[in-house]
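Colleague: So here's model06.cif (mmCIF, C-alpha atoms).
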data_structure
#
loop_
_atom_site.label_atom_id
_atom_site.label_comp_id
_atom_site.auth_asym_id
_atom_site.auth_seq_id
_atom_site.Cartn_x
_atom_site.Cartn_y
_atom_site.Cartn_z
CA MET A 6 67.21 132.43 24.04
CA GLY A 7 66.39 134.20 20.74
CA ARG A 8 69.22 132.50 18.87
CA SER A 9 68.34 129.02 20.15
CA ARG A 10 64.66 129.49 19.19
CA ALA A 11 65.63 130.72 15.73
CA GLY A 12 67.89 127.71 15.38
CA GLU A 13 65.05 125.34 16.26
CA ILE A 14 62.76 126.98 13.69
CA VAL A 15 65.44 126.67 11.00
CA LYS A 16 65.93 122.99 11.85
CA ARG A 17 62.19 122.31 11.61
CA VAL A 18 61.90 124.13 8.30
CA MET A 19 64.86 122.19 6.91
CA GLY A 20 63.34 118.92 8.16
CA ILE A 21 59.96 119.61 6.49
CA THR A 22 61.75 120.69 3.30
CA THR A 23 63.78 117.48 3.30
CA VAL A 24 60.64 115.33 3.70
CA ILE A 25 58.85 117.18 0.86
CA ALA A 26 61.94 116.82 -1.34
CA GLY A 27 62.03 113.10 -0.55
CA PHE A 28 58.42 112.61 -1.58
CA TYR A 29 58.97 114.70 -4.71
CA LEU A 30 62.01 112.69 -5.76
CA SER A 31 60.34 109.35 -5.07
CA TRP A 32 57.11 110.35 -6.89
CA ASN A 33 58.84 111.64 -10.00
CA GLY A 34 61.56 109.02 -9.84
CA GLY A 35 58.97 106.23 -9.81
CA TYR A 36 56.94 107.69 -12.65
CA PHE A 37 59.81 108.60 -15.00
CA GLY A 38 61.80 105.56 -13.97
CA LEU A 39 59.08 103.19 -15.12
CA LYS A 40 58.74 105.11 -18.39
CA LEU A 41 62.47 104.68 -19.04
CA LEU A 42 62.26 100.97 -18.24
CA GLU A 43 59.31 100.50 -20.60
CA LYS A 44 61.14 102.31 -23.37
CA HIS A 45 64.43 100.48 -22.82
CA PHE A 46 62.99 96.96 -22.63
CA ASN A 47 59.99 97.59 -24.93
CA TRP A 48 57.57 96.66 -22.19
CA SER A 49 53.84 97.29 -22.56
CA PHE A 50 51.60 97.41 -19.51
CA THR A 51 47.94 98.09 -19.00
CA PRO A 52 47.16 101.40 -17.27
CA TYR A 53 46.33 99.55 -14.03
CA LYS A 54 49.63 97.59 -13.99
CA SER A 55 51.56 100.67 -15.01
CA GLN A 56 50.09 102.67 -12.11
CA LEU A 57 50.71 99.79 -9.67
CA LEU A 58 54.34 99.38 -10.73
CA THR A 59 54.84 103.15 -10.56
CA MET A 60 53.60 103.23 -6.97
CA MET A 61 55.81 100.28 -6.01
CA LEU A 62 58.82 101.98 -7.56
CA GLN A 63 57.96 105.24 -5.80
CA PHE A 64 57.78 103.52 -2.39
CA LEU A 65 61.04 101.67 -3.11
CA ILE A 66 62.82 104.95 -3.89
CA LEU A 67 61.27 106.54 -0.79
CA PHE A 68 62.52 103.68 1.42
CA LEU A 69 65.99 103.94 -0.14
CA LEU A 70 66.15 107.69 0.54
CA ALA A 71 64.97 107.13 4.12
CA GLY A 72 67.61 104.43 4.58
CA ILE A 73 70.36 106.69 3.25
CA ALA A 74 69.22 109.52 5.55
CA GLY A 75 69.18 107.17 8.53
CA LEU A 76 72.65 105.85 7.70
CA ILE A 77 74.04 109.39 7.46
CA GLY A 78 72.45 110.26 10.82
CA HIS A 79 73.89 107.10 12.39
CA MET A 80 77.36 107.88 11.05
CA ARG A 81 77.17 111.41 12.42
CA GLY A 82 76.09 109.99 15.79
CA ASN A 83 79.06 107.61 15.82
CA GLU A 84 81.35 110.44 14.81
CA ARG A 85 80.11 112.54 17.69
CA ALA A 86 80.49 109.57 20.05
CA PHE A 87 84.06 109.19 18.76
CA TYR A 88 85.08 112.81 19.30
CA ILE A 89 83.15 113.71 22.45
CA PRO A 90 85.44 111.79 24.93
CA ILE A 91 88.58 113.22 23.28
CA ILE A 92 87.27 116.79 23.27
CA THR A 93 86.04 116.44 26.87
CA ALA A 94 89.45 115.14 27.98
CA MET A 95 91.28 118.00 26.26
CA ARG A 96 88.96 120.54 27.88
CA GLN A 97 89.63 119.00 31.30
CA ILE A 98 93.39 119.17 30.71
CA SER A 99 93.13 122.83 29.62
CA LYS A 100 91.39 123.58 32.94
CA GLY A 101 94.23 122.01 34.94
CA ASN A 102 92.72 118.59 35.59
CA PHE A 103 95.54 116.18 34.71
CA LYS A 104 93.87 113.09 36.20
CA VAL A 105 92.25 112.40 32.81
CA GLU A 106 92.65 108.94 31.30
CA LEU A 107 90.84 107.76 28.15
CA GLU A 108 90.06 104.09 27.68
CA ASN A 109 91.71 103.01 24.45
CA ASP A 110 89.09 100.56 23.15
CA ARG A 111 88.28 99.29 19.66
CA ARG A 112 86.04 102.19 18.65
CA TYR A 113 89.09 104.42 18.14
CA GLY A 114 90.64 101.94 15.71
CA GLN A 115 93.61 103.44 13.90
CA PHE A 116 93.25 106.60 15.98
CA GLY A 117 94.22 104.74 19.14
CA SER A 118 97.63 106.43 19.02
CA ILE A 119 95.87 109.78 19.50
CA VAL A 120 94.23 108.48 22.67
CA GLU A 121 97.56 107.12 23.92
CA GLY A 122 99.18 110.49 23.20
CA ILE A 123 96.50 112.32 25.21
CA ASN A 124 96.93 109.90 28.13
CA GLU A 125 100.71 110.33 28.05
CA MET A 126 100.37 114.12 27.88
CA ALA A 127 98.00 114.14 30.87
CA SER A 128 100.32 111.85 32.85
CA GLU A 129 103.39 113.98 32.11
CA LEU A 130 101.57 117.22 32.93
CA SER A 131 100.39 115.67 36.19
CA ARG A 132 103.95 114.68 37.06
CA MET A 133 105.24 118.17 36.22
CA GLU A 134 102.49 119.78 38.29
CA THR A 135 103.44 117.59 41.27
CA MET A 136 107.09 118.54 40.81
CA ARG A 137 106.13 122.22 40.61
CA GLN A 138 104.12 122.06 43.82
CA ASP A 139 106.91 120.16 45.60
CA PHE A 140 109.44 122.68 44.32
CA ILE A 141 107.40 125.63 45.62
CA SER A 142 106.90 123.88 48.94
CA ASN A 143 110.60 123.11 49.30
CA VAL A 144 111.69 126.63 48.33
CA SER A 145 109.23 128.12 50.80
CA HIS A 146 110.53 125.83 53.55
CA GLU A 147 114.18 126.57 52.79
CA ILE A 148 113.55 130.32 52.76
CA GLN A 149 111.34 130.30 55.84
CA SER A 150 113.90 128.54 58.05
CA PRO A 151 116.71 131.14 57.83
CA LEU A 152 114.22 134.02 57.83
CA THR A 153 112.73 132.76 61.09
CA SER A 154 116.21 132.50 62.59
CA ILE A 155 117.19 135.99 61.41
CA ARG A 156 113.95 137.49 62.72
CA GLY A 157 114.33 135.78 66.10
CA PHE A 158 117.94 136.82 66.69
CA ALA A 159 117.28 140.36 65.40
CA ARG A 160 114.51 140.63 68.00
CA ALA A 161 116.90 139.32 70.66
CA LEU A 162 119.43 142.03 69.79
CA ARG A 163 116.92 144.66 70.96
CA ASP A 164 117.63 143.57 74.53
CA GLU A 165 119.77 146.34 75.97
CA GLY A 166 121.07 144.08 78.70
CA LEU A 167 122.56 141.61 76.21
CA SER A 168 126.26 140.93 76.73
CA ALA A 169 128.77 141.84 74.02
CA GLU A 170 129.68 138.19 73.61
CA SER A 171 126.06 137.12 73.06
CA ARG A 172 125.47 140.06 70.73
CA ALA A 173 128.48 139.06 68.60
CA HIS A 174 127.27 135.43 68.57
CA TYR A 175 123.79 136.44 67.42
CA LEU A 176 125.25 138.65 64.70
CA ASP A 177 127.39 135.76 63.47
CA ILE A 178 124.26 133.59 63.21
CA ILE A 179 122.37 136.30 61.31
CA GLU A 180 125.30 136.68 58.91
CA ALA A 181 125.50 132.90 58.38
CA GLU A 182 121.76 132.64 57.72
CA GLY A 183 121.99 135.58 55.31
CA SER A 184 124.79 133.79 53.44
CA ARG A 185 122.65 130.66 53.36
CA LEU A 186 119.78 132.61 51.77
CA SER A 187 122.17 134.16 49.27
CA GLY A 188 123.56 130.73 48.32
CA LEU A 189 120.05 129.33 47.90
CA SER A 190 119.07 132.19 45.61
CA ASP A 191 122.28 131.88 43.61
CA ASN A 192 121.84 128.13 43.08
CA LEU A 193 118.20 128.55 42.07
CA LEU A 194 119.13 131.18 39.51
CA LYS A 195 121.90 128.99 38.09
CA LEU A 196 119.65 125.95 37.82
CA SER A 197 116.97 128.03 36.16
CA ALA A 198 119.44 129.49 33.67
CA LEU A 199 120.88 126.06 32.83
CA GLU A 200 117.47 124.45 32.32
CA ALA A 201 116.30 127.36 30.17
CA GLU A 202 119.57 127.07 28.20
CA SER A 203 120.11 130.80 28.69
CA PHE A 204 123.54 130.35 30.29
CA PRO A 205 126.40 131.38 27.95
CA PHE A 206 127.61 127.88 27.09
CA GLU A 207 130.96 128.56 25.39
CA ARG A 208 133.56 125.82 25.61
CA THR A 209 137.23 126.72 25.82
CA ALA A 210 140.37 124.61 25.99
CA TYR A 211 142.09 124.73 29.37
CA ARG A 212 144.16 122.63 31.77
CA LEU A 213 141.81 120.69 34.04
CA ASP A 214 144.61 119.69 36.43
CA LYS A 215 145.45 123.34 37.09
CA GLN A 216 141.79 124.15 37.73
CA LEU A 217 141.55 121.36 40.31
CA GLN A 218 144.72 122.62 42.00
CA GLU A 219 143.21 126.10 42.24
CA MET A 220 139.94 124.73 43.68
CA ILE A 221 141.81 122.69 46.31
CA LEU A 222 143.87 125.73 47.35
CA ALA A 223 140.74 127.90 47.47
CA CYS A 224 139.28 125.47 50.03
CA GLU A 225 142.48 125.37 52.07
CA PRO A 226 141.15 127.39 55.04
CA GLN A 227 138.25 124.95 55.44
CA TRP A 228 140.27 121.72 55.38
CA LEU A 229 143.11 123.16 57.44
CA ASP A 230 140.59 124.25 60.09
CA LYS A 231 139.59 120.57 60.52
CA ASN A 232 143.17 119.31 60.14
CA ILE A 233 142.21 117.25 57.10
CA ASP A 234 144.94 115.78 54.90
CA VAL A 235 144.30 116.42 51.19
CA GLU A 236 146.18 114.38 48.60
CA ALA A 237 146.08 115.22 44.90
CA GLU A 238 147.17 112.92 42.05
CA LEU A 239 146.58 114.95 38.90
CA GLU A 240 147.64 114.11 35.36
CA GLU A 241 148.22 116.96 32.93
CA VAL A 242 144.95 117.07 30.98
CA THR A 243 143.46 119.63 28.61
CA VAL A 244 139.69 119.62 28.12
CA GLN A 245 137.14 121.53 26.03
CA ALA A 246 134.52 122.74 28.52
CA VAL A 247 132.88 125.71 30.20
CA LYS A 248 135.44 126.56 32.83
CA ASP A 249 133.16 128.55 35.15
CA LEU A 250 130.56 125.80 35.27
CA LEU A 251 133.04 123.03 36.02
CA SER A 252 134.59 125.14 38.77
CA GLN A 253 131.13 125.06 40.37
CA VAL A 254 131.19 121.24 40.20
CA TRP A 255 134.58 120.89 41.89
CA THR A 256 133.74 123.54 44.51
CA ASN A 257 130.50 121.82 45.51
CA LEU A 258 132.05 118.35 45.66
CA LEU A 259 135.07 119.52 47.64
CA HIS A 260 132.90 121.49 50.09
CA ASN A 261 130.72 118.43 50.65
CA SER A 262 133.75 116.26 51.34
CA ILE A 263 135.21 118.79 53.78
CA LYS A 264 131.84 119.38 55.43
CA PHE A 265 131.17 115.72 56.18
CA THR A 266 134.73 114.58 56.93
CA PRO A 267 135.58 114.59 60.66
CA GLN A 268 138.62 116.13 62.32
CA ASP A 269 141.95 114.64 61.19
CA GLY A 270 140.25 113.00 58.22
CA MET A 271 141.53 112.53 54.69
CA ILE A 272 140.42 113.59 51.19
CA THR A 273 141.93 112.29 47.96
CA VAL A 274 141.53 113.99 44.56
CA ARG A 275 142.56 112.03 41.47
CA LEU A 276 142.55 113.03 37.80
CA ARG A 277 143.37 110.54 35.05
CA THR A 278 142.66 110.01 31.35
CA LEU A 279 140.60 107.13 29.94
CA ASP A 280 140.96 107.02 26.13
CA ASN A 281 139.23 110.22 24.97
CA ARG A 282 137.64 110.90 28.37
CA VAL A 283 138.84 112.14 31.74
CA GLU A 284 137.92 110.86 35.20
CA VAL A 285 137.94 112.98 38.34
CA GLU A 286 137.52 111.21 41.69
CA ILE A 287 137.02 113.04 44.98
CA LYS A 288 137.08 110.58 47.87
CA ASP A 289 136.84 111.10 51.63
CA ASN A 290 136.59 109.03 54.79
CA GLY A 291 133.67 111.00 56.21
CA ILE A 292 130.31 110.00 57.69
CA GLY A 293 129.07 108.47 54.43
CA ILE A 294 125.58 108.05 52.98
CA ALA A 295 123.08 105.24 53.58
CA GLU A 296 122.40 102.94 50.62
CA ASP A 297 118.68 103.81 50.59
CA ASP A 298 119.50 107.52 50.18
CA LEU A 299 121.95 107.20 47.28
CA PRO A 300 119.32 107.01 44.47
CA ARG A 301 117.81 110.34 45.57
CA ILE A 302 120.85 112.47 46.31
CA PHE A 303 120.59 114.38 43.02
CA GLU A 304 116.99 115.42 43.68
CA ARG A 305 116.42 119.08 44.45
CA PHE A 306 116.23 119.92 48.14
CA TYR A 307 116.77 116.29 49.13
CA LYS A 308 118.76 115.99 52.34
CA VAL A 309 120.08 112.63 53.42
CA ASP A 310 119.54 112.83 57.16
CA LYS A 311 119.46 115.18 60.11
CA ALA A 312 123.17 114.78 60.83
CA ARG A 313 124.18 115.87 57.34
CA SER A 314 121.59 118.60 56.91
CA THR A 315 121.88 120.23 60.31
CA SER A 316 125.65 120.11 60.49
CA GLY A 317 126.14 121.44 57.01
CA GLY A 318 123.24 123.86 56.75
CA GLY A 319 122.95 123.26 53.02
CA SER A 320 119.88 123.75 50.87
CA GLY A 321 119.95 120.42 49.04
CA LEU A 322 120.57 122.09 45.67
CA GLY A 323 124.32 121.60 45.34
CA LEU A 324 124.31 118.09 43.88
CA SER A 325 121.33 118.91 41.63
CA LEU A 326 123.39 121.73 40.15
CA VAL A 327 126.44 119.45 39.81
CA LYS A 328 124.39 116.80 38.00
CA LYS A 329 122.92 119.35 35.59
CA ILE A 330 126.34 120.81 34.71
CA VAL A 331 127.85 117.36 34.15
CA ASP A 332 124.89 116.34 31.97
CA ILE A 333 125.16 119.34 29.66
CA HIS A 334 128.85 118.48 29.23
CA ASP A 335 127.79 114.98 28.04
CA GLY A 336 129.43 113.49 31.10
CA SER A 337 128.36 111.29 34.00
CA ILE A 338 128.64 111.34 37.77
CA THR A 339 128.42 108.40 40.16
CA ILE A 340 128.55 108.46 43.93
CA THR A 341 129.35 105.43 46.06
CA SER A 342 129.29 105.51 49.84
CA ARG A 343 129.03 103.53 53.05
CA PRO A 344 127.99 104.99 56.40
CA GLY A 345 131.01 105.55 58.60
CA GLU A 346 133.49 104.71 55.83
CA GLY A 347 133.28 107.69 53.49
CA THR A 348 132.08 108.74 50.05
CA ALA A 349 133.60 108.66 46.56
CA CYS A 350 132.35 110.94 43.76
CA VAL A 351 133.51 110.07 40.23
CA VAL A 352 132.94 112.50 37.37
CA VAL A 353 133.66 111.35 33.81
CA LEU A 354 133.86 113.97 31.06
CA PRO A 355 134.76 113.93 27.36
CA MET A 356 138.07 115.64 26.60
CA GLN A 357 136.46 117.20 23.54
CA PRO A 358 132.76 117.82 22.80
#
Using structure tokens, write down the structure that the file contains.

Modeller:
Amino acid sequence: MGRSRAGEIVKRVMGITTVIAGFYLSWNGGYFGLKLLEKHFNWSFTPYKSQLLTMMLQFLILFLLAGIAGLIGHMRGNERAFYIPIITAMRQISKGNFKVELENDRRYGQFGSIVEGINEMASELSRMETMRQDFISNVSHEIQSPLTSIRGFARALRDEGLSAESRAHYLDIIEAEGSRLSGLSDNLLKLSALEAESFPFERTAYRLDKQLQEMILACEPQWLDKNIDVEAELEEVTVQAVKDLLSQVWTNLLHNSIKFTPQDGMITVRLRTLDNRVEVEIKDNGIGIAEDDLPRIFERFYKVDKARSTSGGGSGLGLSLVKKIVDIHDGSITITSRPGEGTACVVVLPMQP
């Protein structure tokens, strides 16, 4: 209160001082101005005319000073009107309100690009906030599901009358749900590391065909258990890449093919060179993916349908991780599929960075 009152007093004093200074300048300006004009043009006026002209000149100077003061005040008002919407919008954004949108009209003139930039920033921040909330919601859901299962079966194990067979079955479920949680955590950490560019990204030269052979053999227990035929047509190819990351790509794609290929099905793995690039195709005759779902399969936590999600028990992060790894290798991945006919995943990578 004290500061605001002192500020008002200062403003009033400055206003009175300005008015007095204006009268002083106009009075003296009119008097000495007429004297200079008389001397310069050799004019000679009677005392009455001289006094009358002096007064007219004084009022003219006073009106000019008042006009200049008014113009300055008007310009300051326009300047405030120019900045107030921008400052208000930036304050709203800083408080977490990303629904801000400035109208880019003529008053901003050449500064219209600033307004467009603020609108784009608010729109992008709003999109990122929505993604963040969806991500938290999806993570919470994916964690809650196995935890609920583990808690329920752990409670059931307290039953002393439970048969040994049921007890072993419940323990298997708890172990599977624990592995699911571990896989979810591992994939989240990998995605986070890749997006933060904190993963040790060191390319080395190695034989891609041998890596694919090793990945296929590592999955042998899974495809033998379903009596799936696996054919491999692999050219001898050397690439410059991060071996550990690409092994994650092949593991995820192979596991998906095995997971969604029925008993006595077939999986084909092909590796061939295309000029200075290599193409890896992993194709199966499994349950396939609906056309409407294909554009979203690389989204985090997106699951195609109940059949695929419940039978596989995945978290929906595998293909997101695959896409990220392929992207940082300057490659591309395309997936084509038809329900009931199978799925083909094609990864194209440069042989050298």

Colleague: Take the PyMOL selection byres ((chain A and resi 239) around 7), run it mentally on this structure, and tell me the resulting residues as a list in words.

Modeller: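 Going through the file, the PyMOL selection byres ((chain A and resi 239) around 7) ends up selecting Asp214, Ala237, Glu238, Glu240, Glu241, Arg275, Leu276 and Arg277 of chain A.
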
Colleague: For this structure, which residues satisfy the selection - the PyMOL selection byres ((chain A and resi 159-162) around 9) - when it is evaluated on the file as given? I want them as a list in words.

Modeller: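 Evaluating the PyMOL selection byres ((chain A and resi 159-162) around 9) on this file yields Ser154, Ile155, Arg156, Gly157, Phe158, Arg163, Asp164, Glu165, Leu167, Ser171, Arg172, Tyr175, Leu176 and Ile179 of chain A.
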
Colleague: Applying the PyMOL selection byres ((chain A and resi 212) around 12) to the file I just gave you, which residues come out? Please list them as an MDAnalysis selection string.

Modeller: chainID A and resid 209:211 213:219 239:248 251 276 283 356

Colleague: Have a look at atom CA of A:Leu186 and atom CA of A:Pro226 and let me know their distance in Å, one decimal.

Modeller: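 Going from atom CA of A:Leu186 over to atom CA of A:Pro226 covers 22.2 Å.
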
Colleague: Could you give me, as CSV, every stretch 174-195 of chain A residue with an atom at most 12 Å from stretch 325-342 of chain A, plus its closest atom pair and distance in Å to one decimal, counting only C-alpha atoms, rows ordered by chain then number?

Modeller:
residue,atom,partner,partner_atom,distance
A:Leu189,CA,A:Leu326,CA,11.4
A:Asp191,CA,A:Leu326,CA,10.8
A:Asn192,CA,A:Leu326,CA,7.2
A:Leu193,CA,A:Leu326,CA,8.8
A:Leu194,CA,A:Leu326,CA,10.4
A:Lys195,CA,A:Leu326,CA,7.7

Colleague: Any chance you can output those residues with C-alpha atoms as a compact mmCIF listing (two decimals), in the frame of the given file?

Modeller:
# COMPACT_ATOMS: atom_id res chain seq x y z
CA LEU A 189 120.05 129.33 47.90
CA ASP A 191 122.28 131.88 43.61
CA ASN A 192 121.84 128.13 43.08
CA LEU A 193 118.20 128.55 42.07
CA LEU A 194 119.13 131.18 39.51
CA LYS A 195 121.90 128.99 38.09

Colleague: I want to know what sits within 9 Å of A:Asp269, based on only C-alpha atoms, with residues of the same chain fewer than 3 positions away left out; could you give that as a ChimeraX atom specification?

Modeller: /A:231-234,266

Colleague: Export, as a compact mmCIF listing (two decimals), in the coordinates of the input, the selected residues with C-alpha atoms.

Modeller:
# COMPACT_ATOMS: atom_id res chain seq x y z
CA LYS A 231 139.59 120.57 60.52
CA ASN A 232 143.17 119.31 60.14
CA ILE A 233 142.21 117.25 57.10
CA ASP A 234 144.94 115.78 54.90
CA THR A 266 134.73 114.58 56.93

Colleague: I'd like the interatomic distance between atom CA of A:His174 and atom CA of A:Asn257, to a tenth of an Å.

Modeller: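 Separation of atom CA of A:His174 and atom CA of A:Asn257: 27.0 Å.
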
Colleague: Let me make sure I understand: among A:Glu108, A:Glu207, A:Glu236, A:Asp249, which one has the smallest atom-to-atom distance to A:Glu286 if we use all atoms listed in the file?

Modeller: A:Glu236

Colleague: Please compute the atom CA of A:Ser128-atom CA of A:Ile302 distance, one decimal, in Å.

Modeller: 24.6 Å

Colleague: Which is closer to A:Leu354 than all the others in A:Asp289, A:Glu225, A:Asp280, A:Glu134, using all atoms listed in the file?

Modeller: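 For A:Leu354, the nearest of the candidates is A:Asp280.
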